[in-house]
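**Q** Hey, dropping final05.pdb in here, PDB, C-alpha atoms:
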```pdb
ATOM      1  CA  MET Y 255      11.977 -25.085   3.593
ATOM      2  CA  SER Y 256      13.718 -22.451   1.493
ATOM      3  CA  THR Y 257      16.667 -20.797   3.179
ATOM      4  CA  ASN Y 258      16.127 -17.707   1.029
ATOM      5  CA  ARG Y 259      12.877 -16.796   2.726
ATOM      6  CA  LEU Y 260      13.034 -13.254   4.048
ATOM      7  CA  TYR Y 261      11.779 -13.871   7.553
ATOM      8  CA  PHE Y 262      12.257 -10.345   8.783
ATOM      9  CA  ILE Y 263       9.912  -9.081   6.032
ATOM     10  CA  ASP Y 264       7.275 -11.479   7.334
ATOM     11  CA  ALA Y 265       7.963 -10.112  10.808
ATOM     12  CA  VAL Y 266       7.589  -6.500   9.662
ATOM     13  CA  ARG Y 267       4.376  -7.353   7.820
ATOM     14  CA  ALA Y 268       3.001  -9.103  10.906
ATOM     15  CA  PHE Y 269       4.000  -6.082  12.989
ATOM     16  CA  ALA Y 270       2.164  -3.746  10.597
ATOM     17  CA  ILE Y 271      -0.977  -5.899  10.694
ATOM     18  CA  LEU Y 272      -0.967  -6.077  14.491
ATOM     19  CA  MET Y 273      -0.333  -2.345  14.775
ATOM     20  CA  MET Y 274      -3.191  -1.628  12.391
ATOM     21  CA  LEU Y 275      -5.553  -3.813  14.407
ATOM     22  CA  GLN Y 276      -4.591  -2.335  17.757
ATOM     23  CA  GLY Y 277      -4.645   1.171  16.291
ATOM     24  CA  HIS Y 278      -8.259   0.875  15.174
ATOM     25  CA  PHE Y 279      -9.263  -0.928  18.365
ATOM     26  CA  ILE Y 280      -7.704   1.592  20.756
ATOM     27  CA  ASP Y 281      -8.807   4.589  18.695
ATOM     28  CA  THR Y 282     -12.398   3.366  18.871
ATOM     29  CA  LEU Y 283     -12.391   2.714  22.612
ATOM     30  CA  LEU Y 284     -10.026   5.372  23.979
ATOM     31  CA  ALA Y 285     -11.902   8.061  25.904
ATOM     32  CA  VAL Y 286     -11.353  11.714  25.000
ATOM     33  CA  GLU Y 287      -9.751  12.555  28.350
ATOM     34  CA  TYR Y 288      -6.919  10.113  27.604
ATOM     35  CA  ARG Y 289      -6.090  11.701  24.244
ATOM     36  CA  ASP Y 290      -3.684  14.161  25.807
ATOM     37  CA  PRO Y 291      -1.121  15.637  23.365
ATOM     38  CA  ALA Y 292       1.155  16.268  26.344
ATOM     39  CA  SER Y 293       1.169  12.583  27.253
ATOM     40  CA  THR Y 294       4.290  10.672  26.242
ATOM     41  CA  ALA Y 295       2.355   7.411  26.101
ATOM     42  CA  PHE Y 296      -0.341   8.867  23.838
ATOM     43  CA  ASN Y 297       2.214  10.534  21.557
ATOM     44  CA  THR Y 298       4.191   7.297  21.269
ATOM     45  CA  TRP Y 299       1.031   5.378  20.399
ATOM     46  CA  SER Y 300       0.018   8.052  17.873
ATOM     47  CA  TYR Y 301       3.430   7.918  16.215
ATOM     48  CA  PHE Y 302       3.395   4.156  15.763
ATOM     49  CA  ARG Y 303      -0.180   4.258  14.561
ATOM     50  CA  GLY Y 304       0.824   6.887  12.033
ATOM     51  CA  ILE Y 305       3.605   4.792  10.494
ATOM     52  CA  THR Y 306       1.548   1.596  10.330
ATOM     53  CA  ALA Y 307      -0.160   2.247   6.990
ATOM     54  CA  PRO Y 308       3.031   3.444   5.229
ATOM     55  CA  ILE Y 309       4.858   0.326   6.452
ATOM     56  CA  PHE Y 310       2.023  -1.916   5.295
ATOM     57  CA  PHE Y 311       1.899  -0.362   1.818
ATOM     58  CA  THR Y 312       5.679  -0.438   1.449
ATOM     59  CA  ILE Y 313       5.924  -4.067   2.528
ATOM     60  CA  SER Y 314       3.057  -5.015   0.202
ATOM     61  CA  GLY Y 315       4.873  -3.487  -2.760
ATOM     62  CA  LEU Y 316       8.153  -5.076  -1.688
ATOM     63  CA  ILE Y 317       6.836  -8.605  -1.296
ATOM     64  CA  PHE Y 318       4.755  -8.608  -4.466
ATOM     65  CA  THR Y 319       7.593  -7.219  -6.585
ATOM     66  CA  TYR Y 320      10.221  -9.486  -5.045
ATOM     67  CA  LEU Y 321       8.129 -12.551  -5.866
ATOM     68  CA  LEU Y 322       7.485 -11.177  -9.338
ATOM     69  CA  ILE Y 323      11.194 -10.779 -10.041
ATOM     70  CA  LYS Y 324      11.987 -14.215  -8.593
ATOM     71  CA  ALA Y 325       9.301 -15.734 -10.814
ATOM     72  CA  LYS Y 326      11.109 -14.311 -13.832
ATOM     73  CA  LEU Y 327      14.123 -16.511 -13.041
ATOM     74  CA  ARG Y 328      11.894 -19.576 -13.212
ATOM     75  CA  ASN Y 329      10.107 -18.414 -16.358
ATOM     76  CA  GLN Y 330       6.930 -18.139 -14.307
ATOM     77  CA  ASP Y 331       6.561 -14.379 -14.513
ATOM     78  CA  LYS Y 332       3.524 -14.574 -16.799
ATOM     79  CA  MET Y 333       1.670 -16.563 -14.172
ATOM     80  CA  ARG Y 334       2.767 -14.156 -11.427
ATOM     81  CA  ILE Y 335       1.710 -11.147 -13.513
ATOM     82  CA  ARG Y 336      -1.690 -12.671 -14.179
ATOM     83  CA  LYS Y 337      -2.061 -13.622 -10.525
ATOM     84  CA  GLY Y 338      -1.099 -10.126  -9.401
ATOM     85  CA  PHE Y 339      -3.530  -8.500 -11.808
ATOM     86  CA  MET Y 340      -6.382 -10.739 -10.697
ATOM     87  CA  ARG Y 341      -5.510 -10.233  -7.035
ATOM     88  CA  GLY Y 342      -5.620  -6.490  -7.579
ATOM     89  CA  LEU Y 343      -9.088  -6.753  -9.106
ATOM     90  CA  LEU Y 344     -10.181  -9.024  -6.258
ATOM     91  CA  LEU Y 345      -9.027  -6.552  -3.610
ATOM     92  CA  ILE Y 346     -10.832  -3.731  -5.386
ATOM     93  CA  GLY Y 347     -13.997  -5.821  -5.543
ATOM     94  CA  ILE Y 348     -13.788  -6.789  -1.870
ATOM     95  CA  GLY Y 349     -13.158  -3.166  -0.927
ATOM     96  CA  TYR Y 350     -16.352  -2.070  -2.645
ATOM     97  CA  ALA Y 351     -18.317  -5.049  -1.317
ATOM     98  CA  LEU Y 352     -17.425  -4.149   2.268
ATOM     99  CA  ARG Y 353     -18.872  -0.682   1.672
ATOM    100  CA  ILE Y 354     -22.264  -1.910   0.505
ATOM    101  CA  PRO Y 355     -24.943  -0.530   2.890
ATOM    102  CA  VAL Y 356     -27.119  -3.623   2.657
ATOM    103  CA  PHE Y 357     -29.911  -2.445   4.944
ATOM    104  CA  GLN Y 358     -30.175   0.916   3.183
ATOM    105  CA  TRP Y 359     -30.423  -0.819  -0.161
ATOM    106  CA  LEU Y 360     -33.141  -3.105   1.179
ATOM    107  CA  GLU Y 361     -35.055   0.030   2.153
ATOM    108  CA  GLY Y 362     -34.593   1.458  -1.318
ATOM    109  CA  VAL Y 363     -32.064   4.091  -0.241
ATOM    110  CA  PHE Y 364     -29.082   4.393  -2.582
ATOM    111  CA  THR Y 365     -26.180   6.767  -1.965
ATOM    112  CA  SER Y 366     -22.641   7.231  -3.260
ATOM    113  CA  TYR Y 367     -21.218   5.753  -0.050
ATOM    114  CA  VAL Y 368     -20.458   2.489  -1.831
ATOM    115  CA  LEU Y 369     -18.037   4.327  -4.143
ATOM    116  CA  VAL Y 370     -15.825   5.556  -1.297
ATOM    117  CA  VAL Y 371     -12.262   4.277  -1.716
ATOM    118  CA  ASP Y 372     -10.479   2.630   1.193
ATOM    119  CA  VAL Y 373      -7.263   0.712   1.778
ATOM    120  CA  LEU Y 374      -8.203  -2.443  -0.150
ATOM    121  CA  GLN Y 375      -9.070  -0.611  -3.363
ATOM    122  CA  CYS Y 376      -5.893   1.421  -3.034
ATOM    123  CA  ILE Y 377      -3.672  -1.641  -2.593
ATOM    124  CA  GLY Y 378      -5.485  -3.487  -5.369
ATOM    125  CA  LEU Y 379      -5.053  -0.667  -7.878
ATOM    126  CA  SER Y 380      -1.428  -0.239  -6.807
ATOM    127  CA  LEU Y 381      -0.731  -3.913  -7.542
ATOM    128  CA  ILE Y 382      -2.236  -3.471 -10.991
ATOM    129  CA  PHE Y 383      -0.069  -0.388 -11.558
ATOM    130  CA  ILE Y 384       3.064  -2.317 -10.572
ATOM    131  CA  VAL Y 385       2.172  -5.073 -13.033
ATOM    132  CA  VAL Y 386       1.521  -2.544 -15.802
ATOM    133  CA  PHE Y 387       4.764  -0.649 -15.186
ATOM    134  CA  TYR Y 388       6.692  -3.907 -15.044
ATOM    135  CA  LYS Y 389       5.307  -4.830 -18.449
ATOM    136  CA  LEU Y 390       5.957  -1.355 -19.854
ATOM    137  CA  THR Y 391       9.628  -1.597 -18.871
ATOM    138  CA  PHE Y 392       9.864  -4.884 -20.797
ATOM    139  CA  LYS Y 393      10.550  -6.742 -17.521
ATOM    140  CA  LYS Y 394      13.972  -5.088 -17.282
ATOM    141  CA  THR Y 395      14.708  -5.024 -13.562
ATOM    142  CA  PHE Y 396      17.010  -1.994 -13.590
ATOM    143  CA  LEU Y 397      14.666   0.092 -15.738
ATOM    144  CA  PHE Y 398      11.694  -0.916 -13.611
ATOM    145  CA  SER Y 399      13.654  -0.134 -10.445
ATOM    146  CA  MET Y 400      14.528   3.384 -11.581
ATOM    147  CA  LEU Y 401      10.959   4.030 -12.717
ATOM    148  CA  MET Y 402       9.579   3.026  -9.314
ATOM    149  CA  LEU Y 403      12.109   5.215  -7.509
ATOM    150  CA  VAL Y 404      11.352   8.232  -9.692
ATOM    151  CA  LEU Y 405       7.581   7.761  -9.529
ATOM    152  CA  GLY Y 406       7.586   7.337  -5.758
ATOM    153  CA  THR Y 407       9.754  10.412  -5.293
ATOM    154  CA  LEU Y 408       7.653  12.576  -7.622
ATOM    155  CA  ILE Y 409       4.442  11.487  -5.905
ATOM    156  CA  PHE Y 410       5.722  12.716  -2.548
ATOM    157  CA  LEU Y 411       7.381  15.854  -3.904
ATOM    158  CA  PHE Y 412       4.173  17.016  -5.580
ATOM    159  CA  GLU Y 413       1.879  16.064  -2.686
ATOM    160  CA  PRO Y 414       0.999  19.717  -1.876
ATOM    161  CA  TRP Y 415      -0.287  20.125  -5.444
ATOM    162  CA  TYR Y 416      -2.885  17.361  -5.267
ATOM    163  CA  ARG Y 417      -3.611  17.407  -1.527
ATOM    164  CA  ASP Y 418      -6.850  19.386  -1.900
ATOM    165  CA  LEU Y 419      -8.066  18.058  -5.240
ATOM    166  CA  THR Y 420     -11.844  17.995  -5.688
ATOM    167  CA  LEU Y 421     -12.239  16.839  -9.330
ATOM    168  CA  GLU Y 422     -15.895  17.835  -9.472
ATOM    169  CA  GLN Y 423     -16.086  17.311 -13.231
ATOM    170  CA  VAL Y 424     -14.674  13.772 -13.059
ATOM    171  CA  PRO Y 425     -16.983  10.748 -12.583
ATOM    172  CA  LEU Y 426     -17.240   9.945  -8.879
ATOM    173  CA  VAL Y 427     -15.987   6.384  -9.244
ATOM    174  CA  ILE Y 428     -12.706   7.764 -10.641
ATOM    175  CA  ALA Y 429     -12.495  10.975  -8.607
ATOM    176  CA  ASN Y 430     -12.660   9.040  -5.340
ATOM    177  CA  TYR Y 431      -9.305   7.436  -6.142
ATOM    178  CA  MET Y 432      -7.700  10.868  -6.357
ATOM    179  CA  SER Y 433      -9.659  13.043  -3.952
ATOM    180  CA  LYS Y 434     -10.822  12.760  -0.345
ATOM    181  CA  SER Y 435     -13.509  15.402  -0.809
ATOM    182  CA  ASN Y 436     -16.210  12.745  -1.201
ATOM    183  CA  GLY Y 437     -15.239  10.664   1.816
ATOM    184  CA  SER Y 438     -12.442   8.432   0.532
ATOM    185  CA  ILE Y 439     -10.101   7.288   3.295
ATOM    186  CA  PHE Y 440      -7.142   6.268   1.124
ATOM    187  CA  THR Y 441      -6.393   7.673  -2.319
ATOM    188  CA  ILE Y 442      -3.994   6.344  -4.916
ATOM    189  CA  LEU Y 443      -1.888   9.459  -4.381
ATOM    190  CA  PRO Y 444       0.188   9.508  -2.243
ATOM    191  CA  TRP Y 445      -0.271   5.872  -1.203
ATOM    192  CA  PHE Y 446       0.979   4.381  -4.443
ATOM    193  CA  GLY Y 447       4.214   6.199  -3.641
ATOM    194  CA  TYR Y 448       4.816   3.807  -0.744
ATOM    195  CA  MET Y 449       4.073   0.812  -2.962
ATOM    196  CA  ALA Y 450       6.483   2.192  -5.561
ATOM    197  CA  TYR Y 451       9.217   2.563  -2.954
ATOM    198  CA  GLY Y 452       8.494  -0.972  -1.798
ATOM    199  CA  ALA Y 453       8.884  -2.190  -5.380
ATOM    200  CA  PHE Y 454      12.181  -0.302  -5.653
ATOM    201  CA  ILE Y 455      13.455  -1.858  -2.421
ATOM    202  CA  ALA Y 456      12.473  -5.278  -3.796
ATOM    203  CA  THR Y 457      14.832  -4.750  -6.726
ATOM    204  CA  LEU Y 458      17.614  -4.028  -4.231
ATOM    205  CA  PHE Y 459      16.857  -7.292  -2.461
ATOM    206  CA  TYR Y 460      16.969  -9.077  -5.770
ATOM    207  CA  GLY Y 461      20.364  -7.666  -6.664
ATOM    208  CA  TYR Y 462      22.117  -7.443  -3.312
ATOM    209  CA  LEU Y 463      20.562 -10.045  -1.015
ATOM    210  CA  GLU Y 464      23.626 -12.281  -0.955
ATOM    211  CA  ARG Y 465      26.091  -9.481  -0.284
ATOM    212  CA  PRO Y 466      27.625  -9.198   3.199
ATOM    213  CA  ARG Y 467      25.835  -6.913   5.662
ATOM    214  CA  PHE Y 468      23.010  -6.143   3.233
ATOM    215  CA  LYS Y 469      20.353  -7.694   5.461
ATOM    216  CA  VAL Y 470      21.667  -5.798   8.480
ATOM    217  CA  SER Y 471      21.647  -2.535   6.531
ATOM    218  CA  ILE Y 472      18.125  -2.956   5.189
ATOM    219  CA  VAL Y 473      16.718  -3.945   8.590
ATOM    220  CA  SER Y 474      18.354  -0.865  10.096
ATOM    221  CA  GLY Y 475      16.800   1.228   7.338
ATOM    222  CA  PHE Y 476      13.316  -0.041   8.139
ATOM    223  CA  LEU Y 477      13.793   0.684  11.831
ATOM    224  CA  VAL Y 478      14.908   4.229  11.078
TER     225      VAL Y 478
END
```
Would you write out, as structure tokens, the structure that this file holds?
**A**
Amino acid sequence: MSTNRLYFIDAVRAFAILMMLQGHFIDTLLAVEYRDPASTAFNTWSYFRGITAPIFFTISGLIFTYLLIKAKLRNQDKMRIRKGFMRGLLLIGIGYALRIPVFQWLEGVFTSYVLVVDVLQCIGLSLIFIVVFYKLTFKKTFLFSMLMLVLGTLIFLFEPWYRDLTLEQVPLVIANYMSKSNGSIFTILPWFGYMAYGAFIATLFYGYLERPRFKVSIVSGFLV
């Protein structure tokens, strides 16, 4: 077994998955009278539920990019790029498939519900973006790293500008990736920002993993 495996990343990813599952489960079953904003327990649960999706997106970008950069050392980056692109398309396809209202379609009722964008489409498109940006930077790790940092930062800085986008003149299948006005749960902005930061952090792992105290510092950063 490889000694370079980043076990704590696996642990954080597992934590994010478990938190996402319990968050949906408890949110569905928790009675209204227990949703007390003055309750410390409820506020603590709400906080951890709130950071679950950002952690999951960040870790997804980190792991994919870290493996992509490692593949470059073995001259296997073309395979990893192709795999990442296809995985992105697969996630987008699965995301749409899960939205298909089968029984409505059997009754001849067709709505735009199937075009609503959720977490899988958002992650899938983000993976494709990472692949594209990696190619556009000619696979130069430093250039790619800076691009991801700048993009992620700009996405969050300009969030108030696109928060209430409606994009009524844009085809629905595209608009749903940018606007929540039609029912989308996750949109590419700002969520690609977390993936971009994850990709940036992956470049730090690639360059500084063997340095003393780096693992301790990065774990502390995630906890903060």
**Q** Using all atoms listed in the file, which of Y:Leu360, Y:Met432, Y:Met340, Y:Ala268 sits nearest Asp418 (chain Y)?
**A**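 Closest residue, counting all atoms listed in the file: Y:Met432.
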**Q** Write out as a PyMOL selection string which residues come within 10 Å of Phe269 (chain Y) when counting only C-alpha atoms, dropping same-chain ones fewer than 6 positions away.
**A** chain Y and resi 263+275+306+309-310
**Q** Give me the result of the PyMOL selection byres ((chain Y and resi 409) around 12) on this file, residue by residue, as a PyMOL selection string.
**A** chain Y and resi 402-408+410-417+442-451
**Q** Kindly resolve the PyMOL selection byres ((chain Y and resi 276-281) around 12) on the present coordinates and return the residues as number ranges by chain.
**A** Y: 269-275, 282-286, 288-289, 296, 298-307
**Q** Between Y:Leu381, Y:Ile323, Y:Leu390, Y:Ala295, which has the minimum distance to Gly338 (chain Y) (counting only C-alpha atoms)?
**A** Y:Leu381
**Q** Taking all atoms of region 266-283 of chain Y that appear in the file, build a box with edges along x, y and z, extend it by 3 Å on every side, and state its centre and edge lengths in Å to one decimal, as AutoDock Vina command-line options.
**A**
```
--center_x -2.4 --center_y -2.3 --center_z 15.2 --size_x 26.0 --size_y 19.7 --size_z 20.8
```
**Q** Provide the CA of Ile317 (chain Y) to CA of Ile377 (chain Y) distance in Å, to one decimal place.
**A**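 Distance between the two atoms: 12.7 Å.
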**Q** Evaluate the PyMOL selection byres ((chain Y and resi 395) around 10) on the structure here and hand back the selected residues as a list in words.
**A**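 Here the PyMOL selection byres ((chain Y and resi 395) around 10) matches Ile323, Lys326, Tyr388, Thr391, Phe392, Lys393, Lys394, Phe396, Leu397, Phe398, Ser399, Met400, Leu401, Phe454, Thr457, Leu458, Tyr460 and Gly461 of chain Y.
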**Q** Suppose you want the space between CA of Gln375 (chain Y) and CA of Thr319 (chain Y); what is it in Å?
**A**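 CA of Thr319 (chain Y) lies 18.2 Å from CA of Gln375 (chain Y).
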**Q** Any idea what the distance is between CA of Phe364 (chain Y) and CA of Ile348 (chain Y)?
**A**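 That distance, rounded to one decimal, is 19.0 Å.
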**Q** With distances taken over all atoms listed in the file, which residue among Y:Phe339, Y:Val373, Y:Ala351, Y:Val427 lies nearest Phe387 (chain Y)?
**A**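 Nearest to Phe387 (chain Y): Y:Phe339.
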**Q** Please provide as a list in words all residues within 12 Å of Ser435 (chain Y), with the sequence filter that same-chain residues fewer than 3 positions apart are discarded (counting only C-alpha atoms).
**A**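 Listed by chain and then number, they are Val370, Val371, Tyr416, Arg417, Asp418, Leu419, Thr420, Leu421, Glu422, Leu426, Ala429, Asn430, Tyr431, Met432, Ser438, Ile439, Phe440 and Thr441 of chain Y.
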**Q** With distances taken over all atoms listed in the file, which residue among Y:Leu344, Y:Val385, Y:Val424, Y:Leu379 lies nearest Phe318 (chain Y)?
**A** Y:Val385
**Q** Between Y:Leu343, Y:Leu327, Y:Leu369, Y:Val386, which residue has the minimum interatomic distance to Pro355 (chain Y), considering all atoms listed in the file?
**A**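 Comparing Y:Leu343, Y:Leu327, Y:Leu369, Y:Val386 against Pro355 (chain Y), the winner is Y:Leu369.
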